[in-house]
Every structure is written in C-alpha cells, then in structure tokens.
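> Provided herewith: upload-v1.txt, compact mmCIF, C-alpha atoms.
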# COMPACT_ATOMS: atom_id res chain seq x y z
CA MET I 8 -39.73 -23.16 -38.32
CA MET I 9 -41.61 -22.17 -35.19
CA LYS I 10 -41.16 -25.67 -33.87
CA THR I 11 -37.39 -25.71 -34.22
CA VAL I 12 -37.08 -22.44 -32.37
CA ILE I 13 -39.14 -23.78 -29.54
CA ARG I 14 -37.24 -26.99 -29.42
CA ILE I 15 -33.87 -25.27 -29.28
CA SER I 16 -34.94 -22.88 -26.57
CA LEU I 17 -36.26 -25.81 -24.56
CA LEU I 18 -33.10 -27.75 -25.03
CA LEU I 19 -30.74 -24.93 -24.05
CA PRO I 20 -31.71 -24.50 -20.42
CA LEU I 21 -31.88 -28.26 -20.09
CA SER I 22 -28.36 -28.78 -21.34
CA LEU I 23 -27.05 -25.94 -19.15
CA SER I 24 -28.48 -27.33 -15.96
CA ALA I 25 -27.22 -30.76 -17.01
CA LEU I 26 -23.76 -29.26 -17.23
CA ALA I 27 -24.07 -27.61 -13.85
CA ALA I 28 -25.28 -30.83 -12.30
CA GLN I 29 -22.32 -32.64 -13.81
CA ALA I 30 -19.92 -30.17 -12.23
CA GLY I 31 -20.29 -31.08 -8.59
CA PRO I 32 -18.88 -29.09 -5.70
CA ALA I 33 -15.45 -30.66 -6.15
CA GLU I 34 -15.14 -29.39 -9.74
CA THR I 35 -16.51 -25.96 -8.83
CA LEU I 36 -14.02 -25.75 -5.98
CA GLU I 37 -11.15 -26.67 -8.21
CA ARG I 38 -12.07 -23.88 -10.63
CA ALA I 39 -12.50 -21.43 -7.75
CA SER I 40 -9.05 -22.32 -6.39
CA THR I 41 -7.36 -21.99 -9.76
CA ILE I 42 -8.88 -18.57 -10.42
CA TYR I 43 -8.18 -17.44 -6.86
CA GLU I 44 -4.51 -18.39 -7.34
CA GLN I 45 -4.43 -16.31 -10.52
CA ALA I 46 -5.86 -13.31 -8.68
CA LEU I 47 -3.36 -13.78 -5.84
CA ALA I 48 -0.50 -13.88 -8.32
CA GLN I 49 -1.60 -10.42 -9.47
CA GLU I 50 -1.88 -9.24 -5.84
CA HIS I 51 -5.64 -8.95 -6.21
CA GLY I 52 -6.93 -11.77 -4.04
CA TRP I 53 -10.01 -11.11 -1.92
CA SER I 54 -9.86 -12.28 1.66
CA VAL I 55 -13.40 -13.68 1.50
CA THR I 56 -12.54 -16.35 -1.09
CA GLU I 57 -10.33 -18.70 0.90
CA PRO I 58 -12.70 -19.04 3.90
CA LEU I 59 -15.51 -19.89 1.44
CA ILE I 60 -13.34 -22.54 -0.18
CA GLU I 61 -12.53 -24.00 3.22
CA GLU I 62 -16.15 -23.97 4.35
CA ALA I 63 -17.19 -25.69 1.13
CA ARG I 64 -14.54 -28.38 1.66
CA ALA I 65 -15.78 -28.92 5.21
CA ALA I 66 -19.38 -29.25 3.99
CA MET I 67 -18.23 -31.74 1.37
CA ALA I 68 -16.37 -33.75 3.98
CA ALA I 69 -19.51 -33.77 6.11
CA GLY I 70 -21.46 -35.13 3.14
CA ASP I 71 -23.65 -32.04 2.74
CA GLU I 72 -23.53 -31.73 -1.06
CA ASP I 73 -26.07 -28.91 -1.37
CA ARG I 74 -24.37 -26.69 1.13
CA ALA I 75 -20.99 -27.52 -0.37
CA GLN I 76 -22.24 -26.56 -3.83
CA ALA I 77 -23.73 -23.28 -2.62
CA LEU I 78 -20.49 -22.32 -0.87
CA ALA I 79 -18.36 -23.41 -3.81
CA ASP I 80 -20.50 -21.27 -6.14
CA ARG I 81 -19.91 -18.26 -3.92
CA ALA I 82 -16.20 -18.97 -3.74
CA LEU I 83 -16.07 -19.19 -7.53
CA LEU I 84 -18.01 -15.95 -7.95
CA THR I 85 -15.72 -13.96 -5.63
CA ALA I 86 -12.63 -15.47 -7.29
CA GLU I 87 -13.93 -14.50 -10.73
CA GLN I 88 -14.78 -11.00 -9.58
CA SER I 89 -11.35 -10.52 -8.01
CA LEU I 90 -9.64 -11.61 -11.22
CA LYS I 91 -11.85 -9.29 -13.23
CA GLN I 92 -10.91 -6.45 -10.89
CA ALA I 93 -7.23 -7.22 -11.49
CA GLN I 94 -7.76 -7.07 -15.24
CA ASP I 95 -9.92 -3.93 -15.24
CA GLU I 96 -7.55 -2.08 -12.92
CA LYS I 97 -4.56 -2.56 -15.22
CA ASP I 98 -5.69 0.61 -16.99
CA ALA I 99 -8.45 2.03 -14.81
CA TRP I 100 -6.11 3.29 -12.05
CA GLN I 101 -4.61 5.90 -14.35
CA ALA I 102 -7.80 7.91 -14.50
CA ARG I 103 -7.58 8.48 -10.72
CA VAL I 104 -4.09 9.98 -10.62
CA VAL I 105 -4.27 13.43 -9.05
CA GLY I 106 -3.22 16.14 -11.49
CA ARG I 107 -3.63 13.92 -14.48
CA MET Y 11 -1.84 21.92 -46.88
CA LEU Y 12 -3.79 19.30 -44.99
CA ARG Y 13 -0.74 17.11 -44.97
CA THR Y 14 1.52 19.72 -43.46
CA PHE Y 15 -1.15 20.35 -40.88
CA SER Y 16 -1.31 16.74 -39.84
CA HIS Y 17 2.47 16.60 -39.88
CA ARG Y 18 2.55 19.39 -37.39
CA ILE Y 19 -0.21 18.19 -35.19
CA TYR Y 20 0.87 14.57 -34.77
CA PRO Y 21 4.20 15.17 -33.09
CA ALA Y 22 2.49 17.70 -30.82
CA LEU Y 23 -0.18 15.17 -29.90
CA ILE Y 24 2.32 12.44 -29.28
CA LEU Y 25 4.34 14.74 -27.06
CA ALA Y 26 1.28 15.72 -25.07
CA VAL Y 27 0.19 12.10 -24.63
CA SER Y 28 3.57 10.85 -23.49
CA ALA Y 29 3.93 13.80 -21.17
CA THR Y 30 0.74 12.91 -19.30
CA ALA Y 31 1.54 9.20 -19.36
CA ILE Y 32 4.85 9.70 -17.58
CA ALA Y 33 4.34 12.64 -15.27
CA SER Y 34 7.56 13.14 -13.35
CA PRO Y 35 7.60 12.36 -9.62
CA GLU Y 36 7.99 16.08 -9.01
CA GLU Y 37 4.86 16.84 -11.07
CA ASP Y 38 2.96 14.19 -9.12
CA ARG Y 39 4.12 15.63 -5.82
CA ASN Y 40 3.16 19.18 -6.76
CA ALA Y 41 -0.25 18.06 -8.02
CA LEU Y 42 -0.99 16.15 -4.81
CA ARG Y 43 0.10 19.10 -2.68
CA ALA Y 44 -2.13 21.42 -4.72
CA PHE Y 45 -5.02 19.00 -4.26
CA TYR Y 46 -4.80 18.96 -0.44
CA GLU Y 47 -4.19 22.69 -0.33
CA GLN Y 48 -7.44 23.23 -2.19
CA ARG Y 49 -9.30 20.61 -0.19
CA PHE Y 50 -8.20 22.08 3.17
CA PRO Y 51 -7.64 25.80 2.62
CA GLY Y 52 -7.21 26.50 6.35
CA ILE Y 53 -4.60 23.83 6.99
CA GLU Y 54 -0.87 24.22 6.39
CA LEU Y 55 0.41 21.34 4.26
CA ASP Y 56 3.15 20.65 6.80
CA ALA Y 57 0.48 19.99 9.45
CA HIS Y 58 -0.46 16.72 7.69
CA VAL Y 59 2.52 15.00 9.32
CA ASP Y 60 0.12 14.58 12.26
CA GLY Y 61 -2.32 12.63 10.08
CA ALA Y 62 -5.96 12.65 11.15
CA TYR Y 63 -5.07 14.90 14.10
CA ALA Y 64 -4.41 17.73 11.68
CA LEU Y 65 -8.05 17.52 10.58
CA ASP Y 66 -10.01 16.95 13.79
CA ALA Y 67 -9.63 19.26 16.81
CA ASP Y 68 -11.26 16.90 19.32
CA LYS Y 69 -9.12 13.96 18.31
CA ARG Y 70 -6.10 16.22 18.36
CA ASP Y 71 -6.70 17.22 21.98
CA GLN Y 72 -6.98 13.57 23.06
CA TRP Y 73 -3.84 12.77 21.09
CA LEU Y 74 -1.82 15.61 22.62
CA GLU Y 75 -2.70 14.22 26.04
CA MET Y 76 -1.42 10.82 24.97
CA GLU Y 77 1.80 12.43 23.72
CA ASP Y 78 2.39 13.96 27.17
CA PHE Y 79 3.66 10.55 28.25
CA PRO Y 80 4.82 9.16 24.93
CA PRO Y 81 4.00 5.45 24.81
CA TYR Y 82 6.90 4.87 22.37
CA GLU Y 83 9.58 6.12 24.77
CA ILE Y 84 10.50 2.63 25.98
CA ALA Y 85 11.02 1.55 22.39
CA ILE Y 86 13.39 4.48 21.75
CA ASP Y 87 15.47 3.57 24.82
CA ASP Y 88 15.51 -0.09 23.92
CA GLY Y 89 16.51 0.83 20.35
CA ALA Y 90 19.34 3.04 21.60
CA ASP Y 91 20.77 0.15 23.62
CA ARG Y 92 20.54 -2.21 20.69
CA TYR Y 93 22.06 0.35 18.36
CA ASP Y 94 25.12 0.74 20.59
CA GLU Y 95 25.65 -2.96 21.12
CA PRO Y 96 28.53 -4.23 18.94
CA LEU Y 97 27.54 -6.72 16.23
CA ALA Y 98 29.02 -10.23 16.02
CA ASP Y 99 32.14 -9.14 14.12
CA GLY Y 100 32.76 -6.16 16.40
CA SER Y 101 31.43 -3.59 13.95
CA SER Y 102 28.45 -1.34 14.65
CA TYR Y 103 25.29 -0.11 12.98
CA ALA Y 104 26.92 3.32 12.90
CA ASP Y 105 29.82 1.94 10.80
CA CYS Y 106 27.36 0.42 8.38
CA LEU Y 107 24.80 3.23 8.06
CA GLY Y 108 27.22 5.93 6.93
CA ASN Y 109 28.68 9.21 8.17
CA GLU Y 110 25.47 10.77 9.32
CA ALA Y 111 24.22 7.74 11.26
CA PRO Y 112 21.95 7.50 13.13
CA VAL Y 113 20.38 10.53 11.41
CA VAL Y 114 19.55 8.71 8.17
CA LYS Y 115 15.81 8.22 7.99
CA GLN Y 116 15.40 11.13 5.60
CA TYR Y 117 17.22 9.17 2.85
CA TYR Y 118 15.02 6.05 2.92
CA PRO Y 119 13.60 4.25 1.11
CA ARG Y 120 16.18 4.58 -1.63
CA PHE Y 121 16.94 3.04 -4.96
CA ASP Y 122 19.75 0.49 -4.72
CA PRO Y 123 21.57 0.29 -8.07
CA ALA Y 124 23.19 -3.03 -7.13
CA SER Y 125 19.88 -4.91 -6.77
CA GLY Y 126 17.88 -2.61 -9.03
CA GLU Y 127 15.21 -2.49 -6.30
CA ILE Y 128 14.01 -0.16 -3.60
CA GLU Y 129 15.79 -0.63 -0.29
CA THR Y 130 13.96 0.37 2.88
CA LEU Y 131 15.71 1.32 6.11
CA GLU Y 132 14.56 -1.96 7.68
CA GLN Y 133 16.22 -3.90 4.87
CA ARG Y 134 19.37 -1.83 5.24
CA ILE Y 135 19.48 -2.67 8.96
CA ASN Y 136 19.16 -6.36 8.17
CA SER Y 137 21.89 -6.14 5.50
CA CYS Y 138 24.16 -4.52 8.09
CA ARG Y 139 23.40 -7.35 10.49
CA GLU Y 140 23.98 -10.11 7.96
CA ALA Y 141 27.24 -8.55 6.74
CA ALA Y 142 28.37 -8.54 10.39
CA GLY Y 143 27.43 -12.18 10.93
CA GLU Y 144 24.12 -11.61 12.71
CA GLU Y 145 20.71 -13.11 12.00
CA PRO Y 146 18.25 -10.75 10.27
CA LEU Y 147 15.42 -9.40 12.43
CA ASP Y 148 11.72 -10.07 11.92
CA TYR Y 149 10.31 -7.08 10.01
CA LEU Y 150 7.19 -7.00 12.17
CA GLY Y 151 8.99 -7.78 15.42
CA SER Y 152 9.71 -5.54 18.39
CA GLU Y 153 13.52 -5.57 18.01
CA MET Y 154 13.33 -4.05 14.53
CA SER Y 155 10.67 -1.57 15.66
CA SER Y 156 12.86 -0.45 18.58
CA LEU Y 157 15.84 0.16 16.31
CA MET Y 158 13.60 2.04 13.90
CA ALA Y 159 12.13 4.07 16.77
CA PHE Y 160 15.61 5.13 17.89
CA ILE Y 161 16.74 6.09 14.37
CA ALA Y 162 13.45 7.91 13.74
CA TYR Y 163 13.87 9.81 17.00
CA GLU Y 164 17.42 10.82 16.15
CA SER Y 165 16.26 11.89 12.68
CA ARG Y 166 13.48 14.12 13.98
CA GLY Y 167 13.48 17.55 12.42
CA GLU Y 168 15.26 16.43 9.25
CA ARG Y 169 13.31 16.86 6.06
CA VAL Y 170 12.41 13.94 3.82
CA ALA Y 171 14.95 13.98 0.99
CA ILE Y 172 14.60 10.93 -1.21
CA GLU Y 173 15.38 10.76 -4.91
CA VAL Y 174 14.14 8.99 -7.98
CA PRO Y 175 17.43 8.83 -9.87
CA ASP Y 176 17.74 8.82 -13.63
CA ASP Y 177 17.63 5.03 -13.90
CA PRO Y 178 14.75 3.25 -15.64
CA ARG Y 179 14.55 0.68 -12.82
CA ALA Y 180 14.10 3.42 -10.21
CA GLN Y 181 11.45 5.09 -12.32
CA ALA Y 182 9.68 1.77 -12.85
CA ALA Y 183 9.65 1.16 -9.08
CA TYR Y 184 8.20 4.61 -8.50
CA GLU Y 185 5.51 4.06 -11.17
CA ASP Y 186 4.69 0.68 -9.68
CA GLY Y 187 4.18 2.25 -6.25
CA LYS Y 188 2.00 4.93 -7.77
CA GLU Y 189 -0.08 2.30 -9.56
CA PHE Y 190 -0.53 0.40 -6.30
CA PHE Y 191 -1.73 3.57 -4.58
CA TYR Y 192 -4.39 4.29 -7.19
CA THR Y 193 -5.51 0.69 -7.84
CA ARG Y 194 -8.77 -0.62 -6.43
CA ARG Y 195 -8.47 -3.81 -4.42
CA GLY Y 196 -10.55 -6.12 -2.28
CA GLN Y 197 -14.19 -7.06 -2.25
CA LEU Y 198 -15.05 -3.49 -1.19
CA ASN Y 199 -13.26 -2.23 -4.31
CA PHE Y 200 -11.26 0.63 -2.79
CA ALA Y 201 -7.89 2.11 -3.74
CA CYS Y 202 -5.66 3.82 -1.17
CA SER Y 203 -6.63 6.99 -2.99
CA SER Y 204 -10.38 6.28 -2.55
CA CYS Y 205 -10.05 6.86 1.19
CA HIS Y 206 -7.00 9.09 1.55
CA VAL Y 207 -7.62 11.35 -1.49
CA THR Y 208 -11.22 11.18 -2.71
CA MET Y 209 -12.81 10.85 0.75
CA VAL Y 210 -10.02 12.54 2.73
CA GLY Y 211 -11.28 14.40 5.81
CA ASN Y 212 -14.52 12.40 5.94
CA ALA Y 213 -15.37 10.21 8.88
CA LEU Y 214 -15.15 6.45 8.46
CA ARG Y 215 -16.74 4.70 11.41
CA ALA Y 216 -15.03 6.34 14.42
CA GLU Y 217 -12.06 7.58 12.38
CA ARG Y 218 -11.19 10.62 10.31
CA LEU Y 219 -9.50 9.89 6.99
CA SER Y 220 -6.03 11.45 6.86
CA ALA Y 221 -4.21 12.91 3.87
CA SER Y 222 -1.48 10.86 2.21
CA LEU Y 223 0.93 13.78 2.48
CA GLY Y 224 2.87 13.03 5.65
CA HIS Y 225 1.83 9.38 5.66
CA THR Y 226 5.43 8.21 5.97
CA THR Y 227 7.06 10.87 8.18
CA HIS Y 228 6.22 9.56 11.65
CA TRP Y 229 6.97 5.82 11.65
CA PRO Y 230 7.29 3.60 13.53
CA VAL Y 231 4.06 4.24 15.43
CA TYR Y 232 2.77 3.17 18.83
CA ARG Y 233 -0.87 2.31 18.25
CA LEU Y 234 -3.31 1.82 21.08
CA LYS Y 235 -4.94 -0.85 18.99
CA TRP Y 236 -1.64 -2.74 18.57
CA LYS Y 237 -0.46 -2.02 22.10
CA GLU Y 238 3.05 -1.81 20.68
CA VAL Y 239 5.25 0.11 18.27
CA GLY Y 240 4.89 -1.17 14.73
CA PRO Y 241 6.07 -0.36 11.20
CA LEU Y 242 4.47 1.36 8.24
CA HIS Y 243 4.00 -1.92 6.37
CA LYS Y 244 1.86 -3.23 9.21
CA ARG Y 245 -0.46 -0.28 8.52
CA PHE Y 246 -0.44 -1.15 4.79
CA ILE Y 247 -1.47 -4.69 5.74
CA GLU Y 248 -4.31 -3.32 7.84
CA CYS Y 249 -5.52 -0.84 5.22
CA ASN Y 250 -5.53 -3.61 2.58
CA SER Y 251 -7.33 -6.02 4.91
CA GLN Y 252 -10.12 -3.64 5.83
CA VAL Y 253 -11.31 -3.54 2.21
CA ARG Y 254 -11.22 -7.36 2.20
CA ALA Y 255 -8.14 -7.64 0.06
CA VAL Y 256 -5.54 -10.29 0.82
CA PRO Y 257 -2.66 -8.20 2.19
CA LEU Y 258 0.92 -8.63 1.01
CA GLU Y 259 3.97 -9.51 3.08
CA ALA Y 260 5.74 -6.75 4.98
CA GLN Y 261 8.73 -5.67 2.87
CA SER Y 262 7.36 -7.32 -0.28
CA GLU Y 263 8.48 -5.59 -3.46
CA SER Y 264 5.08 -3.98 -4.03
CA TYR Y 265 4.90 -2.57 -0.49
CA ARG Y 266 8.44 -1.23 -0.82
CA ASN Y 267 7.52 0.46 -4.10
CA LEU Y 268 4.37 1.85 -2.49
CA GLU Y 269 6.50 3.23 0.35
CA TYR Y 270 8.85 4.77 -2.23
CA PHE Y 271 6.00 6.58 -3.99
CA LEU Y 272 4.34 7.70 -0.74
CA THR Y 273 7.62 8.93 0.73
CA TYR Y 274 8.41 10.87 -2.41
CA MET Y 275 5.03 12.61 -2.04
CA SER Y 276 6.22 13.75 1.43
CA ASN Y 277 9.58 15.03 0.22
CA GLY Y 278 10.53 18.23 2.02
CA MET Y 279 8.28 17.51 5.01
CA GLU Y 280 9.67 17.21 8.50
CA LEU Y 281 10.35 13.83 10.07
CA ASN Y 282 8.41 13.47 13.34
CA GLY Y 283 8.72 9.85 14.34
CA PRO Y 284 8.11 7.88 16.31
CA ALA Y 285 4.53 8.92 16.96
CA SER Y 286 1.43 7.66 18.71
CA ARG Y 287 -1.89 6.91 17.07
CA LYS Y 288 -5.17 5.39 18.11
If you took the structure in this file and wrote it as structure tokens, what would it be?


Amino acid sequence: MMKTVIRISLLLPLSLSALAAQAGPAETLERASTIYEQALAQEHGWSVTEPLIEEARAAMAAGDEDRAQALADRALLTAEQSLKQAQDEKDAWQARVVGR
Amino acid sequence: MLRTFSHRIYPALILAVSATAIASPEEDRNALRAFYEQRFPGIELDAHVDGAYALDADKRDQWLEMEDFPPYEIAIDDGADRYDEPLADGSSYADCLGNEAPVVKQYYPRFDPASGEIETLEQRINSCREAAGEEPLDYLGSEMSSLMAFIAYESRGERVAIEVPDDPRAQAAYEDGKEFFYTRRGQLNFACSSCHVTMVGNALRAERLSASLGHTTHWPVYRLKWKEVGPLHKRFIECNSQVRAVPLEAQSESYRNLEYFLTYMSNGMELNGPASRK
C-alpha cells in the first residue's frame, strides 16, 4: 500500500519532465503561436508575445536550445494568459459599467 | 399563496434583470455624467472637452500658450484647399456630404442602415471619393487629417448630436463599443475605463488622466509627440499599446464601435476641434 503510493509519486514527476523534454522549443513555439493567434482573433493579443516568439526562433536558429526553450516557455505563458484574459473578460467587463 | 407570490415576483425579477443588462445609451450617458460630476464637483462637465487641461491648472497654462499660435492651422488651410478642389468626376465633397456641409461633424459616427455598420466621417469622405472616381485616402495620413481638420474647424460650436436608432444592429454596435471600453486588455491588464474612469484625474508618469466625456469632441489633434495632426484612432492605437495590448487597425470595426459609444457619451457637448495636445 505504502509502497505503491511512493512509487506513483516518484513516477509522476519523472513522466512529466520526460514529456517536457520531449516537447522541444519547436513544439513549444508552435503551441505558443497557435494560442497567440486565438487571442489575436479575439482582439486580445499581448504585444510582448510576438517578440518572444521571434527571439526564441532566432535562438533556435543559432543552435542555443536552452535559451530557445526558455524564451518559448515565456512566449507560451504570455499567450496562454492573454487567451485567459479574453475568456474571463467576456463577462467581467459588465461589472465595471458606470451606473450599473 | 406561495405560488401566487412567486408568480408575482418572477416577472418583476426578470424585468429588473433585463433592464440592467440592456441599459439604454441615454441611461449610460447620464450615469457617466453623474459619475464625473461627483468625482470633480468644482468642474463644469462641459469643461472636459479640453481633456487633461480641464483638470490641471499648470498644464492648462502651458497649453493656452501653445494655442496662441495653433499648430494645426496649416492643416486647416490645407484641408480647405483640398475640400474645394473638384473631384475626378467634377463633383465636390460638399455635394456628397449633404446640405449642411462642411458643418457635419456633429452627426458622426453614424449608423449606416445599408451596411448595418457604424460609418465614421473618415469613411464617409473615402466613400465620397470612391463614388467620384478617386482613390481612397490613408486613414492615418496627412491628407485625410487635413480634410478632417477643416471640417472640424467649420463644425466648431455645434453640439454632438449622434443617435442610436431603433435598429438591433445599431444597438449591437453601441453595446460592442461599450464592451470594448470596459474590457481589460494587454499584459498590464487595463481597460479604457481603468485609466479614464477609475483613475481619472490621477497622474500617470508626467500626464494627468482625462475624463472620457469630451474624448471625441476635439479631433483631429496636433500632438507635440506626433509632430503632426492625427486622428482619434491613432490615439486608440497608442492607448492600447501602452498597456502592452496589440492595437487594432485604424477604422477597424471594433474601433468604430468604440468611437460610436464614446461619441454618444459626449452627446450635447460642444465640438472644439481641431485641438493641440502634448
């Protein structure tokens, strides 16, 4: 009983980092771009995302995988946050209307 | 007994809910006016047509000095020449813009039943040009700004008089503009209302945040920063960009709807364009 719990908890972080390692900067960038496009389509793009994507591409082209991954992660994070903002704001704006 | 009670209360509740959900443009306008009146008890609402200079005496003095030699005068003269020049088919802007032309700024933006969209004065000018066989002008270019400066100048003293007609498409455009105004955008997570309502009157870096009443009355504007006369949508682009949001195109549908909402909020206020700003 105790053993299984320990084994599973040991396995989980391992499998997660394995996944992350599998998804290199190219895959992360592709996800970032797709989500950024979705945010743009809802007029909620953040201007920081595209420069991060471009910097990550440049790092990849220069063969600097670590830097590329770090930049791609940041691009993905800002893209995800901008899309979340778009979704949250669909209703949230109404609470701010003056006189409401 | 309980049943009759709930029968009575439900319709009342539903009415109340739908009434707040679709406040009329006039209710919105009155509420916003009441807000600024309460926020700035010593300032006449009409004074907000001067933007930040209504709220800051020092900045106002500097601005009045700038207005002694209005930096937008050349644009007005240039616009007057362009306005009088016949178009390719021999017709004129005056023929196209209606009886009162060039005193027409007070009626724009307006709902166009043919397209079902909001038509700004800039778009109207380009439609006139295209109907007369001319190329449309760049919305951010100096030729359009000059024409707008001339029409604004001729329209000075008129009061903003736009309508949201009884057409669901017009009402939807108005609601869309209102939503844009109150929606947070960008990495800094600000809505237009965050700065121009919630924080109005506060200093932001070297600037004083103006009220949204009067935000549309004085365009186009000569800005020292731009070193030229530019349109309202250029200011939208800048205000979106400074919160790290990707700005939209000038004259995009959302910006036109935003202009429609903002202009309705200034209904009844005096037109005072063109103007100068820092």

> Starting from the point (6.2, -3.5, -2.1), work out which residues of protein, DNA or RNA have an atom no more than 9 Å away when counting only C-alpha atoms; state them as a PyMOL selection string.

chain Y and resi 128+186-187+190+243+258-270

> Mind checking which residues fall within 12 Å of Glu238 of chain Y, counting all atoms listed in the file, ignoring those fewer than 3 positions away in the same chain, and posting them as a list of chain:residue names?

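My reading of the contact set: Y:Pro80, Y:Pro81, Y:Tyr82, Y:Glu83, Y:Ile84, Y:Ala85, Y:Leu150, Y:Gly151, Y:Ser152, Y:Glu153, Y:Ser155, Y:Ser156, Y:Ala159, Y:Pro230, Y:Val231, Y:Tyr232, Y:Arg233, Y:Leu234, Y:Lys235, Y:Pro241, Y:Lys244, Y:Pro284, Y:Ala285, Y:Ser286, Y:Arg287, Y:Lys288.
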
> Take the residues from that selection and put them in a file with C-alpha atoms, as a PDB file, in the coordinates of the input.


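What landed in result-v3.pdb:
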ATOM      1  CA  PRO Y  80       4.820   9.160  24.930  1.00  0.00           C
ATOM      2  CA  PRO Y  81       4.000   5.450  24.810  1.00  0.00           C
ATOM      3  CA  TYR Y  82       6.900   4.870  22.370  1.00  0.00           C
ATOM      4  CA  GLU Y  83       9.580   6.120  24.770  1.00  0.00           C
ATOM      5  CA  ILE Y  84      10.500   2.630  25.980  1.00  0.00           C
ATOM      6  CA  ALA Y  85      11.020   1.550  22.390  1.00  0.00           C
ATOM      7  CA  LEU Y 150       7.190  -7.000  12.170  1.00  0.00           C
ATOM      8  CA  GLY Y 151       8.990  -7.780  15.420  1.00  0.00           C
ATOM      9  CA  SER Y 152       9.710  -5.540  18.390  1.00  0.00           C
ATOM     10  CA  GLU Y 153      13.520  -5.570  18.010  1.00  0.00           C
ATOM     11  CA  SER Y 155      10.670  -1.570  15.660  1.00  0.00           C
ATOM     12  CA  SER Y 156      12.860  -0.450  18.580  1.00  0.00           C
ATOM     13  CA  ALA Y 159      12.130   4.070  16.770  1.00  0.00           C
ATOM     14  CA  PRO Y 230       7.290   3.600  13.530  1.00  0.00           C
ATOM     15  CA  VAL Y 231       4.060   4.240  15.430  1.00  0.00           C
ATOM     16  CA  TYR Y 232       2.770   3.170  18.830  1.00  0.00           C
ATOM     17  CA  ARG Y 233      -0.870   2.310  18.250  1.00  0.00           C
ATOM     18  CA  LEU Y 234      -3.310   1.820  21.080  1.00  0.00           C
ATOM     19  CA  LYS Y 235      -4.940  -0.850  18.990  1.00  0.00           C
ATOM     20  CA  PRO Y 241       6.070  -0.360  11.200  1.00  0.00           C
ATOM     21  CA  LYS Y 244       1.860  -3.230   9.210  1.00  0.00           C
ATOM     22  CA  PRO Y 284       8.110   7.880  16.310  1.00  0.00           C
ATOM     23  CA  ALA Y 285       4.530   8.920  16.960  1.00  0.00           C
ATOM     24  CA  SER Y 286       1.430   7.660  18.710  1.00  0.00           C
ATOM     25  CA  ARG Y 287      -1.890   6.910  17.070  1.00  0.00           C
ATOM     26  CA  LYS Y 288      -5.170   5.390  18.110  1.00  0.00           C
TER      27      LYS Y 288
END

> Dump as a PyMOL selection string the residues of chain Y that approach chain I to within 8 Å, counting only C-alpha atoms.

chain Y and resi 30+38+41-42+45+189+192-197+203+251+254-256+258

> What is the atom CA of Ala182 of chain Y to atom CA of Pro119 of chain Y distance in Å?

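Computed distance, atom CA of Ala182 of chain Y to atom CA of Pro119 of chain Y, equals 14.7 Å.
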
> Using only C-alpha atoms, which of the listed residues (I:Gln49, I:Glu44, I:Ala63, I:Arg38) sits closest to Ala75 of chain I?

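Result for the nearest residue to Ala75 of chain I: I:Ala63.
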